[in-house]
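Visitor: Below is the file coords_11.csv, which contains CSV, C-alpha atoms.
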chain,number,residue,atom,x,y,z
U,10,MET,CA,116.2,119.1,94.7
U,11,LYS,CA,116.7,116.8,97.7
U,12,LEU,CA,113.5,116.2,99.7
U,13,VAL,CA,114.0,115.2,103.4
U,14,THR,CA,112.0,114.2,106.4
U,15,PHE,CA,113.7,115.2,109.6
U,16,GLY,CA,113.2,115.7,113.3
U,17,GLU,CA,111.5,113.7,116.0
U,18,GLY,CA,108.3,111.6,115.9
U,19,GLN,CA,106.9,111.4,112.4
U,20,GLY,CA,109.2,114.2,111.5
U,21,ARG,CA,108.8,117.3,109.3
U,22,VAL,CA,109.3,117.8,105.6
U,23,GLY,CA,111.8,120.1,103.9
U,24,VAL,CA,114.2,120.7,101.0
U,25,LEU,CA,117.9,120.3,101.7
U,26,ASP,CA,120.0,123.2,100.4
U,27,GLY,CA,123.7,122.7,101.4
U,28,GLU,CA,123.7,122.5,105.2
U,29,GLU,CA,120.3,123.9,105.7
U,30,ILE,CA,116.8,122.5,105.4
U,31,ALA,CA,114.0,124.8,104.1
U,32,VAL,CA,110.8,123.6,105.9
U,33,LEU,CA,107.8,122.9,103.7
U,34,GLY,CA,104.2,123.6,104.7
U,35,VAL,CA,103.0,120.0,104.6
U,36,PRO,CA,102.9,117.4,107.4
U,37,THR,CA,104.4,114.3,105.6
U,38,MET,CA,106.3,113.6,102.5
U,39,ARG,CA,103.5,111.3,101.2
U,40,GLU,CA,101.1,114.3,101.5
U,41,TRP,CA,103.7,116.5,99.6
U,42,PHE,CA,103.4,114.1,96.6
U,43,GLU,CA,99.6,113.8,97.0
U,44,ARG,CA,99.2,117.6,96.9
U,45,GLY,CA,101.7,117.9,94.0
U,46,GLY,CA,104.0,120.0,96.2
U,47,ALA,CA,103.9,122.6,98.9
U,48,ASP,CA,105.3,126.1,99.6
U,49,GLU,CA,108.2,126.8,101.9
U,50,THR,CA,107.2,128.2,105.2
U,51,GLY,CA,110.2,130.5,105.5
U,52,GLU,CA,111.6,128.6,108.4
U,53,THR,CA,115.0,126.9,108.1
U,54,VAL,CA,116.7,124.3,110.2
U,55,ALA,CA,120.4,123.5,110.3
U,56,LEU,CA,121.1,120.0,109.1
U,57,ALA,CA,123.7,119.6,111.9
U,58,GLU,CA,121.1,120.4,114.5
U,59,THR,CA,118.5,117.8,113.5
U,60,ARG,CA,118.3,114.1,112.4
U,61,LEU,CA,117.2,112.8,109.1
U,62,ARG,CA,114.5,110.2,109.1
U,63,ALA,CA,113.4,107.8,106.3
U,64,PRO,CA,112.3,110.3,103.6
U,65,ILE,CA,108.9,108.7,103.0
U,66,VAL,CA,106.7,106.0,104.4
U,67,PRO,CA,104.6,105.1,101.3
U,68,LYS,CA,101.1,103.7,101.2
U,69,LYS,CA,102.5,100.8,99.1
U,70,PHE,CA,106.1,99.6,98.6
U,71,PHE,CA,106.3,97.6,95.4
U,72,HIS,CA,109.3,95.3,95.7
U,73,THR,CA,110.5,94.1,92.3
U,74,ALA,CA,113.4,91.8,91.7
U,75,GLY,CA,115.3,89.9,89.0
U,76,ASN,CA,115.8,93.1,86.9
U,77,PHE,CA,119.6,92.9,87.1
U,78,ARG,CA,120.5,89.6,85.4
U,79,GLU,CA,124.0,89.7,86.9
U,80,HIS,CA,122.3,89.0,90.3
U,81,GLU,CA,120.5,86.0,88.7
U,82,ASP,CA,123.8,84.8,87.3
U,83,GLU,CA,125.5,84.8,90.7
U,84,SER,CA,122.6,82.9,92.2
U,85,LYS,CA,123.7,79.9,90.1
U,86,ASN,CA,126.5,79.6,92.6
U,87,VAL,CA,124.1,78.1,95.1
U,88,ASP,CA,121.7,75.2,94.8
U,89,TRP,CA,118.4,77.0,95.5
U,90,SER,CA,115.1,75.3,94.6
U,91,HIS,CA,113.8,78.2,92.4
U,92,ALA,CA,115.6,80.5,90.0
U,93,ILE,CA,115.5,84.3,90.4
U,94,ALA,CA,113.2,85.0,87.5
U,95,PRO,CA,112.7,88.4,85.9
U,96,TRP,CA,109.6,90.4,86.8
U,97,ILE,CA,109.4,89.2,90.4
U,98,ASN,CA,107.0,91.4,92.5
U,99,PHE,CA,105.7,91.4,96.0
U,100,PHE,CA,104.8,94.1,98.6
U,101,GLN,CA,107.4,95.2,101.2
U,102,ASN,CA,106.3,95.8,104.8
U,103,VAL,CA,106.3,99.6,105.2
U,104,ASP,CA,106.6,99.2,109.0
U,105,ALA,CA,110.1,97.8,108.5
U,106,ILE,CA,111.4,101.1,107.1
U,107,VAL,CA,114.2,102.8,108.9
U,108,GLY,CA,116.1,105.9,107.8
U,109,PRO,CA,119.7,107.0,107.6
U,110,ASP,CA,121.9,106.1,110.5
U,111,GLU,CA,119.1,104.2,112.2
U,112,PRO,CA,120.1,100.6,113.2
U,113,VAL,CA,119.3,97.3,111.5
U,114,ILE,CA,118.5,95.1,114.5
U,115,TYR,CA,119.8,91.6,114.1
U,116,PRO,CA,117.1,89.1,115.1
U,117,GLU,CA,119.3,86.2,116.3
U,118,HIS,CA,116.4,84.0,117.1
U,119,LEU,CA,115.3,84.0,113.5
U,120,THR,CA,118.4,84.1,111.3
U,121,GLU,CA,122.1,83.3,111.2
U,122,GLU,CA,122.6,84.6,107.6
U,123,LEU,CA,121.9,88.3,107.4
U,124,ASP,CA,122.6,89.8,104.0
U,125,TYR,CA,122.6,93.2,102.2
U,126,GLU,CA,121.2,94.2,98.8
U,127,LEU,CA,121.8,97.6,97.3
U,128,GLU,CA,118.9,98.9,95.2
U,129,LEU,CA,117.8,102.0,93.4
U,130,ALA,CA,114.1,102.8,94.2
U,131,VAL,CA,111.6,105.1,92.5
U,132,VAL,CA,109.1,107.3,94.2
U,133,LEU,CA,105.8,107.8,92.3
U,134,LYS,CA,104.7,111.5,92.1
U,135,LYS,CA,101.1,110.8,91.2
U,136,ALA,CA,98.5,108.1,91.1
U,137,GLY,CA,98.1,106.0,88.0
U,138,LYS,CA,97.4,102.7,86.4
U,139,TRP,CA,97.6,100.9,83.1
U,140,PHE,CA,100.1,103.2,81.5
U,141,SER,CA,102.6,102.5,78.8
U,142,PRO,CA,106.4,102.6,79.1
U,143,GLU,CA,106.4,105.7,77.0
U,144,GLU,CA,104.2,107.4,79.6
U,145,ALA,CA,105.9,105.9,82.6
U,146,MET,CA,108.6,108.6,83.4
U,147,GLU,CA,105.8,111.2,83.8
U,148,TYR,CA,104.9,109.4,87.0
U,149,VAL,CA,108.4,109.5,88.5
U,150,GLY,CA,108.7,112.0,91.4
U,151,GLY,CA,112.2,111.0,92.6
U,152,TYR,CA,114.9,108.5,93.4
U,153,VAL,CA,116.0,107.1,96.7
U,154,ILE,CA,118.5,104.4,97.9
U,155,PHE,CA,117.0,101.2,99.3
U,156,ASN,CA,119.1,98.5,101.2
U,157,ASP,CA,117.1,95.3,101.0
U,158,ILE,CA,118.2,93.5,104.1
U,159,THR,CA,117.6,89.8,103.7
U,160,ALA,CA,117.7,86.7,106.0
U,161,ARG,CA,119.1,84.2,103.5
U,162,ASP,CA,118.4,81.1,105.6
U,163,ILE,CA,114.7,82.1,105.9
U,164,GLN,CA,114.6,82.9,102.2
U,165,ARG,CA,116.0,79.5,101.3
U,166,GLY,CA,113.2,77.9,103.2
U,167,GLU,CA,110.5,80.2,101.8
U,168,MET,CA,111.7,79.6,98.2
U,169,LYS,CA,110.9,75.9,98.4
U,170,SER,CA,107.3,77.1,98.0
U,171,GLY,CA,108.3,79.5,95.2
U,172,VAL,CA,107.7,82.7,97.1
U,173,PHE,CA,109.6,84.8,99.5
U,174,SER,CA,108.6,87.8,101.6
U,175,PHE,CA,109.1,87.3,105.3
U,176,CYS,CA,112.8,87.1,104.9
U,177,LYS,CA,112.9,90.7,103.7
U,178,ALA,CA,110.1,92.3,105.7
U,179,ILE,CA,111.3,91.8,109.3
U,180,ASP,CA,111.4,94.9,111.5
U,181,THR,CA,114.2,97.3,110.5
U,182,PHE,CA,115.0,95.3,107.3
U,183,CYS,CA,114.1,98.2,105.0
U,184,PRO,CA,116.7,101.1,105.2
U,185,LEU,CA,115.6,103.9,102.9
U,186,GLY,CA,117.2,107.3,102.3
U,187,PRO,CA,119.0,109.5,102.9
U,188,TRP,CA,116.6,111.7,100.9
U,189,ILE,CA,114.6,111.7,97.7
U,190,VAL,CA,116.3,113.3,94.7
U,191,THR,CA,113.9,114.8,92.1
U,192,PRO,CA,114.3,113.8,88.4
U,193,ASP,CA,115.6,117.3,87.4
U,194,GLU,CA,118.8,116.3,89.2
U,195,ILE,CA,119.0,112.8,87.7
U,196,PRO,CA,118.2,113.2,84.0
U,197,ASP,CA,119.2,109.6,83.3
U,198,PRO,CA,118.5,107.0,86.0
U,199,HIS,CA,120.3,104.4,83.9
U,200,ASP,CA,123.6,106.2,84.2
U,201,LEU,CA,124.3,105.9,87.9
U,202,ALA,CA,127.3,104.1,89.6
U,203,MET,CA,126.2,101.9,92.5
U,204,VAL,CA,128.4,100.6,95.4
U,205,LEU,CA,127.8,99.0,98.8
U,206,ARG,CA,130.4,98.9,101.5
U,207,VAL,CA,130.5,97.1,104.9
U,208,ASN,CA,133.0,98.5,107.3
U,209,GLY,CA,134.6,100.3,104.3
U,210,GLU,CA,135.1,97.1,102.3
U,211,VAL,CA,133.4,97.2,98.9
U,212,ARG,CA,130.9,94.3,98.7
U,213,GLN,CA,128.7,95.3,95.7
U,214,GLU,CA,129.7,97.5,92.8
U,215,SER,CA,127.8,97.9,89.6
U,216,HIS,CA,126.0,100.5,87.4
U,217,SER,CA,122.3,101.1,86.8
U,218,SER,CA,122.9,100.7,83.0
U,219,ARG,CA,123.2,97.0,83.6
U,220,MET,CA,119.5,96.7,84.4
U,221,ALA,CA,118.1,94.2,81.9
U,222,VAL,CA,114.9,96.1,81.6
U,223,THR,CA,114.3,99.8,81.9
U,224,ILE,CA,112.7,101.6,84.8
U,225,ALA,CA,109.9,102.8,82.4
U,226,GLU,CA,109.2,99.1,81.5
U,227,ILE,CA,109.1,98.1,85.2
U,228,LEU,CA,106.8,100.9,86.1
U,229,SER,CA,104.5,100.2,83.2
U,230,ASN,CA,104.5,96.4,83.8
U,231,PHE,CA,103.2,96.7,87.4
U,232,SER,CA,100.9,99.7,86.8
U,233,GLY,CA,98.0,97.3,86.8
U,234,LEU,CA,98.4,97.2,90.6
U,235,THR,CA,97.4,100.9,90.8
U,236,TYR,CA,100.0,103.4,92.1
U,237,SER,CA,99.2,106.0,94.6
U,238,ALA,CA,101.2,109.3,94.9
U,239,GLY,CA,104.2,108.7,97.1
U,240,ASP,CA,104.4,104.9,96.5
U,241,VAL,CA,107.9,103.4,96.3
U,242,LEU,CA,109.0,100.8,93.7
U,243,SER,CA,112.4,99.1,94.0
U,244,THR,CA,114.3,98.0,90.9
U,245,GLY,CA,116.3,95.0,92.1
U,246,THR,CA,119.8,94.4,93.4
U,247,VAL,CA,123.1,94.0,91.7
U,248,SER,CA,125.7,91.2,92.1
U,249,GLY,CA,128.0,90.8,95.1
U,250,VAL,CA,125.6,89.7,97.9
U,251,ALA,CA,127.1,87.5,100.6
U,252,GLY,CA,124.6,84.7,100.2
U,253,PHE,CA,125.8,83.8,96.7
U,254,LYS,CA,129.5,83.6,97.5
U,255,SER,CA,131.3,80.3,98.4
U,256,PRO,CA,130.5,78.8,101.8
U,257,GLU,CA,133.8,79.9,103.2
U,258,GLU,CA,133.3,83.5,102.0
U,259,ARG,CA,129.6,83.7,103.2
U,260,ALA,CA,130.6,83.1,106.8
U,261,ARG,CA,132.9,86.1,106.7
U,262,LEU,CA,130.6,88.4,104.7
U,263,TYR,CA,127.2,87.9,106.3
U,264,LEU,CA,126.3,90.9,108.5
U,265,LYS,CA,127.0,90.9,112.2
U,266,PRO,CA,126.3,93.3,115.1
U,267,GLY,CA,128.9,96.0,115.0
U,268,ASP,CA,129.0,96.2,111.2
U,269,VAL,CA,128.3,99.5,109.4
U,270,ILE,CA,126.7,99.4,105.9
U,271,GLU,CA,127.1,102.2,103.4
U,272,ALA,CA,124.9,102.0,100.3
U,273,GLU,CA,125.9,104.6,97.7
U,274,ILE,CA,124.3,105.6,94.4
U,275,ASP,CA,125.8,108.3,92.2
U,276,GLY,CA,123.6,111.4,92.1
U,277,ILE,CA,121.8,110.5,95.3
U,278,GLY,CA,124.2,110.0,98.1
U,279,VAL,CA,125.1,107.6,100.9
U,280,LEU,CA,122.7,105.6,103.0
U,281,ARG,CA,124.5,104.6,106.2
U,282,ASN,CA,123.1,102.1,108.7
U,283,PRO,CA,124.8,100.2,111.6
U,284,VAL,CA,123.9,96.7,112.5
U,285,ILE,CA,123.2,96.1,116.2
U,286,SER,CA,122.3,93.1,118.4
U,287,TRP,CA,118.8,92.3,119.6
U,288,GLN,CA,120.0,93.0,123.1
U,289,GLU,CA,121.2,96.5,122.2
U,290,GLY,CA,118.1,97.2,120.2
U,291,HIS,CA,115.5,96.0,122.6
U,292,GLY,CA,117.3,96.0,126.0
U,293,ALA,CA,116.7,92.3,126.5
U,294,PRO,CA,118.2,89.0,125.2
U,295,ALA,CA,116.8,87.6,122.0
U,296,PRO,CA,113.9,85.1,122.4
U,297,PRO,CA,114.6,81.4,122.0
U,298,ARG,CA,115.3,80.4,118.4
U,299,ILE,CA,112.0,79.7,116.7
U,300,ARG,CA,112.8,77.2,113.8
U,301,PRO,CA,115.6,76.1,111.5
U,302,TRP,CA,114.4,78.0,108.5
U,303,GLY,CA,117.1,76.8,106.2
U,304,ASP,CA,116.0,73.2,106.8
U,305,ALA,CA,112.3,74.0,106.5
In structure tokens, what does this structure look like?
Guide:
Amino acid sequence: MKLVTFGEGQGRVGVLDGEEIAVLGVPTMREWFERGGADETGETVALAETRLRAPIVPKKFFHTAGNFREHEDESKNVDWSHAIAPWINFFQNVDAIVGPDEPVIYPEHLTEELDYELELAVVLKKAGKWFSPEEAMEYVGGYVIFNDITARDIQRGEMKSGVFSFCKAIDTFCPLGPWIVTPDEIPDPHDLAMVLRVNGEVRQESHSSRMAVTIAEILSNFSGLTYSAGDVLSTGTVSGVAGFKSPEERARLYLKPGDVIEAEIDGIGVLRNPVISWQEGHGAPAPPRIRPWGDA
């Protein structure tokens, strides 16, 4: 089934069935997972008459990277101070989460190199820690699309210290959605076509079978951090990001206000987000530029 959060404010929770949402008797998606489910209330809402929100705001968002080695291979096109090693992990800022059709706001005072990263993310259905790969899939409650928006010039500066986080955690840099698809509809998460388009142009195209490690191995490896029900764990991006192209291509491919990003994963759907200027998003000009991150 497809689990959605919809409506205004913090939204309501439901199950999408065609063009209608069956409302669930629970206040948030996180609580749905914490309770182990909830009954339908009998109320339905037409999808066309409401707006979808980010399907979940987790307690913890485990950001893992380096799992698709094709992305590491393309990183060799640039002279960065540190390699993209496998088994990278850091926490994403959950306050940066936006949902389908919500804008990514371009912070012009912070970056000039805004990039996209298509990722498959896993939602944990129950709490757990220190479990094996053989046990790991028992903890999967669903799958969702994550677009890991990244400021490459900030990342380049951060990576000189061997870490990066701020470049990916700025407000609106975490599009998530359009819904959570439960495992009964995705029997094999390693058999999913993945594509990201900007203004209709294909920028990233790959397949979840190209992951160098399995989702079960990733979940098990980081289970020492203790998962809560409803936590989200990303599984890394595929090749095709703008930041690892030639200098001439990068200038054209980096995101700009007016662009529309469509992140699509087979079996889940399409996560669509426009990019807008700071002026459009905040009703005021961007503040003065803070620092030349790329030269930090």
Visitor: For the atom pair CA of Glu111 (chain U) and CA of Pro283 (chain U), what is the interatomic distance in Å to one decimal place?
Guide: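 Atom-to-atom, CA of Glu111 (chain U) and CA of Pro283 (chain U) are spaced 7.0 Å apart.
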Visitor: Just the number, please: distance in Å from CA of Arg261 (chain U) to CA of Arg219 (chain U), one decimal.
Guide: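 Calculated distance between CA of Arg261 (chain U) and CA of Arg219 (chain U) is 27.3 Å.
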Visitor: My list of candidates is U:Pro196, U:Gly233, U:Pro297, U:Pro184. Which is closest to Gly276 (chain U) when distances are computed with all atoms listed in the file?
Guide: U:Pro196
Visitor: Would you mind listing what lies within 8 Å of Leu123 (chain U) as number ranges by chain, with only C-alpha atoms counted and same-chain residues fewer than 6 positions away left out?
Guide: U: 115, 158-161, 263-265
Visitor: Determine the nearest neighbour of Ala57 (chain U) from the options U:Val190, U:Ile195, U:Ala225, U:Ile30, counting all atoms listed in the file.
Guide: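 Smallest separation from Ala57 (chain U) among the options: U:Ile30.
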Visitor: Just how far from CA of Asn102 (chain U) is CA of Gly18 (chain U), in Å to one decimal?
Guide: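 Taking CA of Gly18 (chain U) as the start and CA of Asn102 (chain U) as the end point, the length is 19.4 Å.
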Visitor: Which residue, U:Ala295, U:Leu119, U:Ala260, U:Ala74, has the smallest gap to Met220 (chain U) when you use all atoms listed in the file?
Guide: U:Ala74
Visitor: What's the 9 Å shell around Ser218 (chain U), counting all atoms listed in the file, without same-chain residues fewer than 4 positions away, as a list in words?
Guide: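 The filter keeps Pro198, His199, Asp200, Leu201, Ala202 and Thr223 of chain U.
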Visitor: So, counting only C-alpha atoms, which residue among U:Thr53, U:Gln288, U:Gln213, U:Thr191 is closest to Gly249 (chain U)?
Guide: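 Result for the nearest residue to Gly249 (chain U): U:Gln213.
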Visitor: Between U:Thr50, U:Ala178, U:Ile114, U:Glu40, which residue has the minimum interatomic distance to Glu289 (chain U), considering all atoms listed in the file?
Guide: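 Checking each of U:Thr50, U:Ala178, U:Ile114, U:Glu40 against Glu289 (chain U), counting all atoms listed in the file, the winner is U:Ile114.
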Visitor: Quick one: residues within 10 Å of Glu210 (chain U), only C-alpha atoms, excluding same-chain residues fewer than 3 positions away - as a list in words?
Guide: Leu205, Arg206, Val207, Gln213, Ile270 and Glu271 of chain U
Visitor: Pull C-alpha atoms from the residues just selected and write them as an mmCIF file, in the frame of the given file.
Guide:
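File written: out.cif
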data_model
loop_
_atom_site.group_PDB
_atom_site.id
_atom_site.type_symbol
_atom_site.label_atom_id
_atom_site.label_comp_id
_atom_site.auth_asym_id
_atom_site.auth_seq_id
_atom_site.Cartn_x
_atom_site.Cartn_y
_atom_site.Cartn_z
ATOM 1 C CA LEU U 205 127.800 99.000 98.800
ATOM 2 C CA ARG U 206 130.400 98.900 101.500
ATOM 3 C CA VAL U 207 130.500 97.100 104.900
ATOM 4 C CA GLN U 213 128.700 95.300 95.700
ATOM 5 C CA ILE U 270 126.700 99.400 105.900
ATOM 6 C CA GLU U 271 127.100 102.200 103.400
#
